[in-house]
Amino acid sequence: MKRLFLSLFVLAITIPALAQSEAKYRKIDSLMNHFSRNNKFMGVLSIREKGRPVFEKAYGFADVEAKVKATPDTKYKIGSVTKMFTSAMIFQLVDEKKLKLDMKLSDFFPRVKNAEKIKISDLLGHTSGVFNITDDANFDDIKGKLQSRKQILDRIESYNPVFEPGVKAEYSNTNYLLLGYIIQDITNKTYKEAVFERIVKRAGLKNTYYFSKINPKKKEAYSYKFADGKWVKQEEYHESSAGGAGGLQSTAPDLTLFARALFDGTLISKESLAEMTKMEMGFGRGLFAFPFGERKFLGHNGDIEGFATILGYYPKEDVAISLTLNGVNTELDDMMIGILSCYYKLPYRFPNFATTTVDDSILQSYEGLYSAPSLPYKVKIVARDGKLVAIAMEPGQGMFELNPLSETEFNYDPANLHMIFSPKGFTLKQGGQVTEFKKDSP
């Protein structure tokens, strides 16, 4: 249930006017097949324009062992994308005058530390300072077991604050567990019942509901991790540990339909939508902004078990896009950069998945801070989990994982970028330009 970002590194993109063409969808399909053939993912992509589905296709298996292929109707656990549903229900209660954003958490759970200072808006925008339950050292021991609401609340109430409410923003799943409980208390319904009546029915969703033990007979996918050349099934969470923070499963087409219903006024008022999408300290209220060139999609990412999901909506063009995955063996950002580049007809070269293995000692020798006289920022190189990661040390830039082509040469295909390392620095080749970086420090 962690937070992910879509980011572009060292790329200045001007997006041309979009002309409708089936060619771009064929290219997207070719790209997805390219990723799939190389065992980079399994899942479904859905794109909806002005309420109309224009692309829906599944890749890989819902059940690897039984060789059951995925379809657009396959259901995937969506992790933290659930937070968009929870936030929408909170704003429905605000619209109904049953809740106010400035109400205090102490009105509901006075035993949570700092509850008298924490507002509902703080929970929505991750400015509460409440400790993130999934960072609990014991969370792995409880995530697969039935937990009563009291057990989870007792755990939350035992945590000390991470910071004072409102002074900063820091992602915490605990915020949305608490919001889910508040929805239950105000509506006198379970979270499962509330989300069905308030979101699923109103938005016309057909395959979205609170998850339980995976049942392949209901077209529910298992999740996997790619290891030792094969997809390995992952252990399941118990739904009680996910709640309003990550307890839903859905399909990619349902998610794009939900996104449009959220933004077209079907679910919440225009005033509540404005509050929900207001960005403060990098966070909206139940969603984030995902930049792609000059566009900013609004939505959320999610991951739980081996599942990964991304849902984004661009209001100006009325475009919704969703990826629901039950196996990921690549950077999700890279996939989305490729998909959106194809969709907007931008120059894009399919990733070269040729790779080699480089000894950890060599990777670690490249760690350090690098600079170039012609660039205003530095680049940090980090060896992480047997891989090399590049981080642009400038606000708004991202990080990306380098693919080793040899012991000295690495690439990042989505940006058509090559880096050739030496003991004194590296040479960056991108877009026909060559930049020499000097190693400043180890």
# chains A, B, ... in the order shown; residues from 1 in each chain; ligands from 1
>>> residues_around(residues="stretch 219-225 of chain A", least_positions_apart="4", cutoff="10 Å", atoms="only C-alpha atoms", output="PyMOL selection string")
chain A and resi 41-43+61-65+68-71+73-77+207+211+213-215+230-236+249-251+304-308+325-329
>>> select_by_dssp(residues="stretch 45-293 of chain A", states="strand (DSSP E or B)", output="PyMOL selection string")
chain A and resi 45-49+52-59+61-63+68-69+75-77+104+119+209-210+220+224-227+230-233+248-250+280+283+288-292
>>> residues_around(residues="A:Ile420", least_positions_apart="5", cutoff="12 Å", atoms="only C-alpha atoms", output="PyMOL selection string")
chain A and resi 366+402-412+425-430+434-438
>>> write_last_selection(atoms="N, CA, C and O atoms", output="short mmCIF file (atom, residue, chain, number, x, y, z; two decimals), in the first residue's frame")
data_model
loop_
_atom_site.label_atom_id
_atom_site.label_comp_id
_atom_site.auth_asym_id
_atom_site.auth_seq_id
_atom_site.Cartn_x
_atom_site.Cartn_y
_atom_site.Cartn_z
N TYR A 366 30.82 2.33 -7.96
CA TYR A 366 30.26 3.47 -8.70
C TYR A 366 29.44 4.41 -7.82
O TYR A 366 29.02 5.47 -8.27
N LEU A 402 19.09 1.65 -13.38
CA LEU A 402 19.89 1.46 -14.57
C LEU A 402 19.99 -0.02 -14.93
O LEU A 402 20.10 -0.88 -14.06
N ASN A 403 19.94 -0.30 -16.21
CA ASN A 403 20.06 -1.66 -16.71
C ASN A 403 21.51 -1.90 -17.15
O ASN A 403 22.04 -1.17 -17.99
N PRO A 404 22.17 -2.92 -16.61
CA PRO A 404 23.57 -3.16 -16.97
C PRO A 404 23.70 -3.86 -18.32
O PRO A 404 23.12 -4.92 -18.55
N LEU A 405 24.49 -3.27 -19.22
CA LEU A 405 24.80 -3.88 -20.50
C LEU A 405 26.18 -4.53 -20.47
O LEU A 405 26.47 -5.46 -21.22
N SER A 406 27.05 -4.02 -19.59
CA SER A 406 28.37 -4.60 -19.34
C SER A 406 28.78 -4.12 -17.95
O SER A 406 28.00 -3.48 -17.24
N GLU A 407 30.01 -4.38 -17.56
CA GLU A 407 30.46 -3.96 -16.23
C GLU A 407 30.59 -2.45 -16.12
O GLU A 407 30.61 -1.91 -15.03
N THR A 408 30.70 -1.75 -17.26
CA THR A 408 30.88 -0.30 -17.23
C THR A 408 29.74 0.47 -17.90
O THR A 408 29.56 1.65 -17.63
N GLU A 409 28.96 -0.18 -18.75
CA GLU A 409 27.92 0.52 -19.51
C GLU A 409 26.53 0.13 -19.01
O GLU A 409 26.21 -1.05 -18.86
N PHE A 410 25.73 1.17 -18.77
CA PHE A 410 24.36 0.98 -18.28
C PHE A 410 23.42 1.84 -19.13
O PHE A 410 23.83 2.87 -19.69
N ASN A 411 22.16 1.42 -19.20
CA ASN A 411 21.21 2.24 -19.95
C ASN A 411 19.89 2.37 -19.19
O ASN A 411 19.60 1.63 -18.25
N TYR A 412 19.10 3.35 -19.62
CA TYR A 412 17.73 3.55 -19.14
C TYR A 412 16.91 3.86 -20.39
O TYR A 412 16.86 4.98 -20.87
N GLY A 425 34.51 9.03 -13.07
CA GLY A 425 33.19 9.59 -13.34
C GLY A 425 32.41 8.75 -14.32
O GLY A 425 32.62 7.53 -14.41
N PHE A 426 31.48 9.39 -15.05
CA PHE A 426 30.76 8.67 -16.08
C PHE A 426 30.44 9.61 -17.24
O PHE A 426 30.38 10.84 -17.08
N THR A 427 30.23 9.02 -18.40
CA THR A 427 29.82 9.74 -19.60
C THR A 427 28.34 9.48 -19.83
O THR A 427 27.91 8.32 -19.89
N LEU A 428 27.56 10.55 -19.92
CA LEU A 428 26.12 10.45 -20.16
C LEU A 428 25.85 10.74 -21.62
O LEU A 428 26.20 11.80 -22.14
N LYS A 429 25.21 9.79 -22.31
CA LYS A 429 24.81 9.97 -23.71
C LYS A 429 23.29 9.93 -23.77
O LYS A 429 22.67 8.94 -23.37
N GLN A 430 22.70 11.03 -24.27
CA GLN A 430 21.24 11.11 -24.34
C GLN A 430 20.84 12.14 -25.39
O GLN A 430 21.35 13.27 -25.40
N VAL A 434 26.40 14.48 -25.43
CA VAL A 434 27.34 13.76 -24.58
C VAL A 434 27.77 14.70 -23.45
O VAL A 434 28.23 15.82 -23.70
N THR A 435 27.59 14.25 -22.20
CA THR A 435 27.94 15.07 -21.03
C THR A 435 28.87 14.28 -20.13
O THR A 435 28.59 13.12 -19.80
N GLU A 436 29.96 14.89 -19.74
CA GLU A 436 30.92 14.24 -18.86
C GLU A 436 30.65 14.62 -17.41
O GLU A 436 30.60 15.80 -17.06
N PHE A 437 30.46 13.62 -16.57
CA PHE A 437 30.25 13.82 -15.13
C PHE A 437 31.51 13.38 -14.38
O PHE A 437 32.07 12.32 -14.67
N LYS A 438 31.93 14.23 -13.43
CA LYS A 438 33.07 13.91 -12.59
C LYS A 438 32.58 13.43 -11.22
O LYS A 438 31.61 13.97 -10.68
#
>>> closest_residue(among="A:Ser365, A:Thr208, A:Thr357, A:Asn160", to="A:Phe196", atoms="only C-alpha atoms")
A:Thr208
>>> residues_around(residues="A:Tyr176", least_positions_apart="2", cutoff="12 Å", atoms="only C-alpha atoms", output="short mmCIF file (atom, residue, chain, number, x, y, z; two decimals) with N, CA and C atoms, in the first residue's frame")
data_model
loop_
_atom_site.label_atom_id
_atom_site.label_comp_id
_atom_site.auth_asym_id
_atom_site.auth_seq_id
_atom_site.Cartn_x
_atom_site.Cartn_y
_atom_site.Cartn_z
N MET A 1 0.84 -1.21 0.00
CA MET A 1 0.00 0.00 0.00
C MET A 1 0.87 1.25 0.00
N GLY A 79 -4.85 -2.32 -3.67
CA GLY A 79 -4.02 -1.66 -2.68
C GLY A 79 -4.49 -0.25 -2.37
N SER A 80 -3.57 0.70 -2.40
CA SER A 80 -3.86 2.06 -1.95
C SER A 80 -4.74 2.87 -2.89
N VAL A 81 -5.04 2.36 -4.07
CA VAL A 81 -6.06 3.03 -4.90
C VAL A 81 -7.39 3.04 -4.14
N THR A 82 -7.56 2.13 -3.19
CA THR A 82 -8.71 2.12 -2.29
C THR A 82 -8.89 3.48 -1.61
N LYS A 83 -7.79 4.18 -1.36
CA LYS A 83 -7.88 5.46 -0.67
C LYS A 83 -8.72 6.48 -1.44
N MET A 84 -8.74 6.40 -2.77
CA MET A 84 -9.60 7.30 -3.55
C MET A 84 -11.06 7.04 -3.25
N PHE A 85 -11.43 5.78 -3.07
CA PHE A 85 -12.80 5.41 -2.73
C PHE A 85 -13.14 5.90 -1.32
N THR A 86 -12.22 5.69 -0.38
CA THR A 86 -12.44 6.12 1.00
C THR A 86 -12.60 7.63 1.07
N SER A 87 -11.71 8.36 0.39
CA SER A 87 -11.80 9.81 0.38
C SER A 87 -13.11 10.28 -0.22
N ALA A 88 -13.54 9.65 -1.32
CA ALA A 88 -14.81 10.04 -1.95
C ALA A 88 -15.98 9.86 -0.99
N MET A 89 -15.96 8.78 -0.20
CA MET A 89 -17.06 8.57 0.76
C MET A 89 -17.02 9.60 1.88
N ILE A 90 -15.82 9.97 2.32
CA ILE A 90 -15.70 11.02 3.33
C ILE A 90 -16.30 12.31 2.80
N ILE A 120 -10.00 15.93 10.44
CA ILE A 120 -10.32 15.00 9.36
C ILE A 120 -9.50 15.33 8.12
N SER A 121 -9.32 16.61 7.84
CA SER A 121 -8.52 17.03 6.69
C SER A 121 -7.06 16.59 6.82
N ASP A 122 -6.56 16.49 8.06
CA ASP A 122 -5.20 16.00 8.26
C ASP A 122 -5.09 14.53 7.89
N LEU A 123 -6.09 13.76 8.24
CA LEU A 123 -6.09 12.34 7.87
C LEU A 123 -6.13 12.19 6.35
N LEU A 124 -6.98 12.97 5.70
CA LEU A 124 -7.12 12.90 4.25
C LEU A 124 -5.83 13.27 3.53
N GLY A 125 -5.14 14.29 4.02
CA GLY A 125 -3.96 14.82 3.34
C GLY A 125 -2.64 14.35 3.90
N HIS A 126 -2.66 13.35 4.80
CA HIS A 126 -1.45 12.78 5.38
C HIS A 126 -0.63 13.80 6.16
N SER A 128 -1.40 14.29 9.48
CA SER A 128 -1.82 13.99 10.86
C SER A 128 -0.64 13.73 11.79
N VAL A 130 0.29 10.71 12.39
CA VAL A 130 0.03 9.38 12.95
C VAL A 130 0.98 8.37 12.29
N PHE A 131 1.59 7.54 13.08
CA PHE A 131 2.56 6.56 12.60
C PHE A 131 1.92 5.61 11.59
N ASN A 132 2.67 5.29 10.54
CA ASN A 132 2.20 4.39 9.48
C ASN A 132 2.24 2.94 9.95
N ILE A 133 1.09 2.32 10.06
CA ILE A 133 1.00 0.97 10.62
C ILE A 133 1.79 -0.04 9.81
N THR A 134 1.91 0.15 8.49
CA THR A 134 2.66 -0.81 7.70
C THR A 134 4.17 -0.70 7.90
N ILE A 156 -2.88 1.13 16.92
CA ILE A 156 -2.76 2.53 16.49
C ILE A 156 -2.64 3.46 17.68
N TYR A 171 3.25 10.18 4.22
CA TYR A 171 2.28 9.13 3.87
C TYR A 171 2.10 8.13 5.01
N SER A 172 0.85 7.85 5.34
CA SER A 172 0.55 6.90 6.40
C SER A 172 -0.75 6.17 6.11
N ASN A 173 -0.66 4.84 5.99
CA ASN A 173 -1.85 4.03 5.78
C ASN A 173 -2.81 4.11 6.96
N THR A 174 -2.26 4.40 8.13
CA THR A 174 -3.09 4.48 9.33
C THR A 174 -4.19 5.54 9.18
N LEU A 178 -8.27 4.70 9.80
CA LEU A 178 -9.12 5.48 10.70
C LEU A 178 -10.31 6.09 9.95
N LEU A 179 -10.07 6.61 8.74
CA LEU A 179 -11.17 7.18 7.95
C LEU A 179 -12.20 6.10 7.60
N GLY A 180 -11.71 4.89 7.31
CA GLY A 180 -12.65 3.80 7.04
C GLY A 180 -13.52 3.50 8.24
N TYR A 181 -12.93 3.53 9.44
CA TYR A 181 -13.72 3.30 10.66
C TYR A 181 -14.72 4.43 10.89
N ILE A 182 -14.32 5.66 10.59
CA ILE A 182 -15.23 6.80 10.75
C ILE A 182 -16.43 6.65 9.82
N ILE A 183 -16.20 6.20 8.59
CA ILE A 183 -17.30 5.94 7.66
C ILE A 183 -18.25 4.91 8.25
N TYR A 191 -17.61 -1.22 6.12
CA TYR A 191 -16.95 -0.55 5.00
C TYR A 191 -17.38 -1.19 3.69
N SER A 241 -6.61 -6.24 7.76
CA SER A 241 -5.43 -5.39 7.95
C SER A 241 -5.31 -4.32 6.89
N ALA A 242 -6.18 -4.37 5.87
CA ALA A 242 -6.12 -3.40 4.77
C ALA A 242 -7.18 -2.31 4.91
N GLY A 243 -8.41 -2.68 5.20
CA GLY A 243 -9.48 -1.73 5.47
C GLY A 243 -9.62 -0.62 4.44
N GLY A 244 -9.92 0.58 4.92
CA GLY A 244 -10.12 1.73 4.05
C GLY A 244 -8.84 2.23 3.42
N ALA A 245 -7.69 1.63 3.80
CA ALA A 245 -6.41 2.02 3.22
C ALA A 245 -6.07 1.21 1.98
N GLY A 246 -6.58 -0.03 1.89
CA GLY A 246 -6.17 -0.88 0.76
C GLY A 246 -6.97 -2.14 0.57
N GLY A 247 -8.25 -2.15 1.00
CA GLY A 247 -9.01 -3.39 1.06
C GLY A 247 -9.86 -3.76 -0.14
N ARG A 285 -6.11 14.99 -1.34
CA ARG A 285 -6.84 14.30 -0.26
C ARG A 285 -7.41 13.00 -0.80
N GLY A 286 -6.54 11.98 -0.78
CA GLY A 286 -6.90 10.69 -1.33
C GLY A 286 -6.39 10.49 -2.73
#
>>> residues_around(residues="A:Glu401", least_positions_apart="2", cutoff="8 Å", atoms="only C-alpha atoms", output="count of residues only")
8
>>> decode(residues="stretch 153-294 of chain A", atoms="C-alpha atoms", output="mmCIF file, in the first residue's frame")
data_model
loop_
_atom_site.group_PDB
_atom_site.id
_atom_site.type_symbol
_atom_site.label_atom_id
_atom_site.label_comp_id
_atom_site.auth_asym_id
_atom_site.auth_seq_id
_atom_site.Cartn_x
_atom_site.Cartn_y
_atom_site.Cartn_z
ATOM 1 C CA LEU A 153 -7.170 0.382 17.095
ATOM 2 C CA ASP A 154 -5.224 -0.760 20.161
ATOM 3 C CA ARG A 155 -2.122 -0.932 17.996
ATOM 4 C CA ILE A 156 -2.763 2.526 16.486
ATOM 5 C CA GLU A 157 -3.421 4.027 19.910
ATOM 6 C CA SER A 158 -0.078 2.713 21.162
ATOM 7 C CA TYR A 159 1.922 4.626 18.538
ATOM 8 C CA ASN A 160 3.667 7.880 19.375
ATOM 9 C CA PRO A 161 3.183 10.751 16.904
ATOM 10 C CA VAL A 162 5.775 11.095 14.138
ATOM 11 C CA PHE A 163 5.268 14.883 14.002
ATOM 12 C CA GLU A 164 2.788 17.521 15.108
ATOM 13 C CA PRO A 165 -0.398 17.704 12.997
ATOM 14 C CA GLY A 166 -0.321 20.129 10.082
ATOM 15 C CA VAL A 167 3.394 20.964 10.103
ATOM 16 C CA LYS A 168 4.366 18.535 7.318
ATOM 17 C CA ALA A 169 2.992 15.716 5.198
ATOM 18 C CA GLU A 170 4.092 12.095 5.390
ATOM 19 C CA TYR A 171 2.282 9.129 3.872
ATOM 20 C CA SER A 172 0.552 6.901 6.405
ATOM 21 C CA ASN A 173 -1.854 4.034 5.780
ATOM 22 C CA THR A 174 -3.093 4.484 9.334
ATOM 23 C CA ASN A 175 -4.885 7.693 8.287
ATOM 24 C CA TYR A 176 -7.139 5.761 5.942
ATOM 25 C CA LEU A 177 -7.743 2.859 8.294
ATOM 26 C CA LEU A 178 -9.125 5.478 10.701
ATOM 27 C CA LEU A 179 -11.174 7.177 7.953
ATOM 28 C CA GLY A 180 -12.647 3.798 7.041
ATOM 29 C CA TYR A 181 -13.716 3.296 10.659
ATOM 30 C CA ILE A 182 -15.226 6.802 10.748
ATOM 31 C CA ILE A 183 -17.303 5.941 7.656
ATOM 32 C CA GLN A 184 -18.524 2.832 9.453
ATOM 33 C CA ASP A 185 -19.501 4.770 12.573
ATOM 34 C CA ILE A 186 -21.369 7.537 10.744
ATOM 35 C CA THR A 187 -23.213 5.279 8.280
ATOM 36 C CA ASN A 188 -23.791 2.380 10.692
ATOM 37 C CA LYS A 189 -22.632 0.077 7.907
ATOM 38 C CA THR A 190 -19.548 -2.019 7.324
ATOM 39 C CA TYR A 191 -16.945 -0.549 5.000
ATOM 40 C CA LYS A 192 -17.897 -3.246 2.497
ATOM 41 C CA GLU A 193 -21.566 -2.218 2.591
ATOM 42 C CA ALA A 194 -20.791 1.492 2.477
ATOM 43 C CA VAL A 195 -18.507 1.279 -0.553
ATOM 44 C CA PHE A 196 -21.056 -0.816 -2.429
ATOM 45 C CA GLU A 197 -23.972 1.539 -1.789
ATOM 46 C CA ARG A 198 -22.097 4.833 -2.051
ATOM 47 C CA ILE A 199 -19.594 4.153 -4.838
ATOM 48 C CA VAL A 200 -20.171 0.899 -6.700
ATOM 49 C CA LYS A 201 -23.911 1.326 -7.294
ATOM 50 C CA ARG A 202 -23.765 5.063 -8.017
ATOM 51 C CA ALA A 203 -20.871 4.775 -10.467
ATOM 52 C CA GLY A 204 -22.264 1.682 -12.204
ATOM 53 C CA LEU A 205 -19.271 -0.506 -11.363
ATOM 54 C CA LYS A 206 -19.675 -4.224 -11.929
ATOM 55 C CA ASN A 207 -16.547 -5.864 -10.541
ATOM 56 C CA THR A 208 -15.465 -3.845 -7.515
ATOM 57 C CA TYR A 209 -15.809 -5.036 -3.927
ATOM 58 C CA TYR A 210 -13.993 -5.589 -0.652
ATOM 59 C CA PHE A 211 -11.583 -8.476 -1.038
ATOM 60 C CA SER A 212 -11.469 -11.726 0.902
ATOM 61 C CA LYS A 213 -9.536 -14.945 0.290
ATOM 62 C CA ILE A 214 -8.789 -15.164 -3.422
ATOM 63 C CA ASN A 215 -11.310 -17.283 -5.344
ATOM 64 C CA PRO A 216 -10.262 -18.026 -8.949
ATOM 65 C CA LYS A 217 -13.837 -19.173 -9.739
ATOM 66 C CA LYS A 218 -14.868 -15.511 -9.361
ATOM 67 C CA LYS A 219 -12.198 -14.413 -11.866
ATOM 68 C CA GLU A 220 -9.972 -13.185 -9.033
ATOM 69 C CA ALA A 221 -6.256 -13.204 -9.832
ATOM 70 C CA TYR A 222 -3.475 -14.517 -7.655
ATOM 71 C CA SER A 223 -0.399 -12.328 -7.328
ATOM 72 C CA TYR A 224 3.189 -13.217 -8.178
ATOM 73 C CA LYS A 225 6.817 -12.181 -7.912
ATOM 74 C CA PHE A 226 9.309 -13.013 -10.661
ATOM 75 C CA ALA A 227 12.216 -14.948 -9.188
ATOM 76 C CA ASP A 228 14.713 -17.443 -10.599
ATOM 77 C CA GLY A 229 13.198 -17.175 -14.045
ATOM 78 C CA LYS A 230 9.575 -17.844 -13.087
ATOM 79 C CA TRP A 231 6.488 -16.281 -11.506
ATOM 80 C CA VAL A 232 6.176 -17.289 -7.838
ATOM 81 C CA LYS A 233 2.819 -16.982 -6.038
ATOM 82 C CA GLN A 234 2.742 -14.530 -3.115
ATOM 83 C CA GLU A 235 1.122 -14.902 0.289
ATOM 84 C CA GLU A 236 -2.218 -13.207 0.828
ATOM 85 C CA TYR A 237 -3.062 -10.366 3.210
ATOM 86 C CA HIS A 238 -6.093 -10.713 5.428
ATOM 87 C CA GLU A 239 -8.591 -8.038 4.425
ATOM 88 C CA SER A 240 -8.966 -6.795 8.018
ATOM 89 C CA SER A 241 -5.433 -5.394 7.952
ATOM 90 C CA ALA A 242 -6.116 -3.401 4.771
ATOM 91 C CA GLY A 243 -9.480 -1.729 5.473
ATOM 92 C CA GLY A 244 -10.116 1.727 4.046
ATOM 93 C CA ALA A 245 -6.410 2.023 3.216
ATOM 94 C CA GLY A 246 -6.168 -0.878 0.760
ATOM 95 C CA GLY A 247 -9.010 -3.394 1.063
ATOM 96 C CA LEU A 248 -10.642 -3.298 -2.384
ATOM 97 C CA GLN A 249 -10.297 -5.372 -5.510
ATOM 98 C CA SER A 250 -11.456 -4.276 -8.929
ATOM 99 C CA THR A 251 -10.866 -4.460 -12.659
ATOM 100 C CA ALA A 252 -9.006 -1.990 -14.844
ATOM 101 C CA PRO A 253 -12.212 -0.992 -16.742
ATOM 102 C CA ASP A 254 -14.089 -0.463 -13.464
ATOM 103 C CA LEU A 255 -11.318 1.817 -12.206
ATOM 104 C CA THR A 256 -11.379 4.087 -15.245
ATOM 105 C CA LEU A 257 -15.173 4.236 -14.924
ATOM 106 C CA PHE A 258 -14.834 5.139 -11.240
ATOM 107 C CA ALA A 259 -12.321 7.892 -12.034
ATOM 108 C CA ARG A 260 -14.706 9.536 -14.481
ATOM 109 C CA ALA A 261 -17.640 9.255 -12.060
ATOM 110 C CA LEU A 262 -15.523 10.921 -9.385
ATOM 111 C CA PHE A 263 -14.623 13.864 -11.617
ATOM 112 C CA ASP A 264 -17.944 14.335 -13.463
ATOM 113 C CA GLY A 265 -20.018 14.985 -10.341
ATOM 114 C CA THR A 266 -21.676 11.574 -10.081
ATOM 115 C CA LEU A 267 -20.164 10.835 -6.674
ATOM 116 C CA ILE A 268 -19.325 14.117 -4.958
ATOM 117 C CA SER A 269 -20.083 17.809 -5.370
ATOM 118 C CA LYS A 270 -17.961 20.218 -7.364
ATOM 119 C CA GLU A 271 -16.942 21.920 -4.116
ATOM 120 C CA SER A 272 -15.821 18.645 -2.544
ATOM 121 C CA LEU A 273 -13.916 17.673 -5.678
ATOM 122 C CA ALA A 274 -12.049 20.985 -5.490
ATOM 123 C CA GLU A 275 -11.079 20.189 -1.888
ATOM 124 C CA MET A 276 -10.129 16.612 -2.753
ATOM 125 C CA THR A 277 -7.829 17.678 -5.602
ATOM 126 C CA LYS A 278 -6.201 20.599 -3.769
ATOM 127 C CA MET A 279 -2.478 19.856 -3.556
ATOM 128 C CA GLU A 280 -0.773 20.803 -0.302
ATOM 129 C CA MET A 281 2.758 19.717 0.612
ATOM 130 C CA GLY A 282 2.712 17.294 -2.332
ATOM 131 C CA PHE A 283 -0.523 15.552 -1.367
ATOM 132 C CA GLY A 284 -4.122 15.821 -2.430
ATOM 133 C CA ARG A 285 -6.836 14.299 -0.264
ATOM 134 C CA GLY A 286 -6.902 10.691 -1.334
ATOM 135 C CA LEU A 287 -4.963 11.253 -4.536
ATOM 136 C CA PHE A 288 -1.754 12.625 -6.030
ATOM 137 C CA ALA A 289 -0.720 14.496 -9.152
ATOM 138 C CA PHE A 290 1.236 12.393 -11.664
ATOM 139 C CA PRO A 291 3.166 14.646 -14.076
ATOM 140 C CA PHE A 292 3.709 13.654 -17.677
ATOM 141 C CA GLY A 293 5.286 16.520 -19.560
ATOM 142 C CA GLU A 294 2.934 19.484 -19.305
#
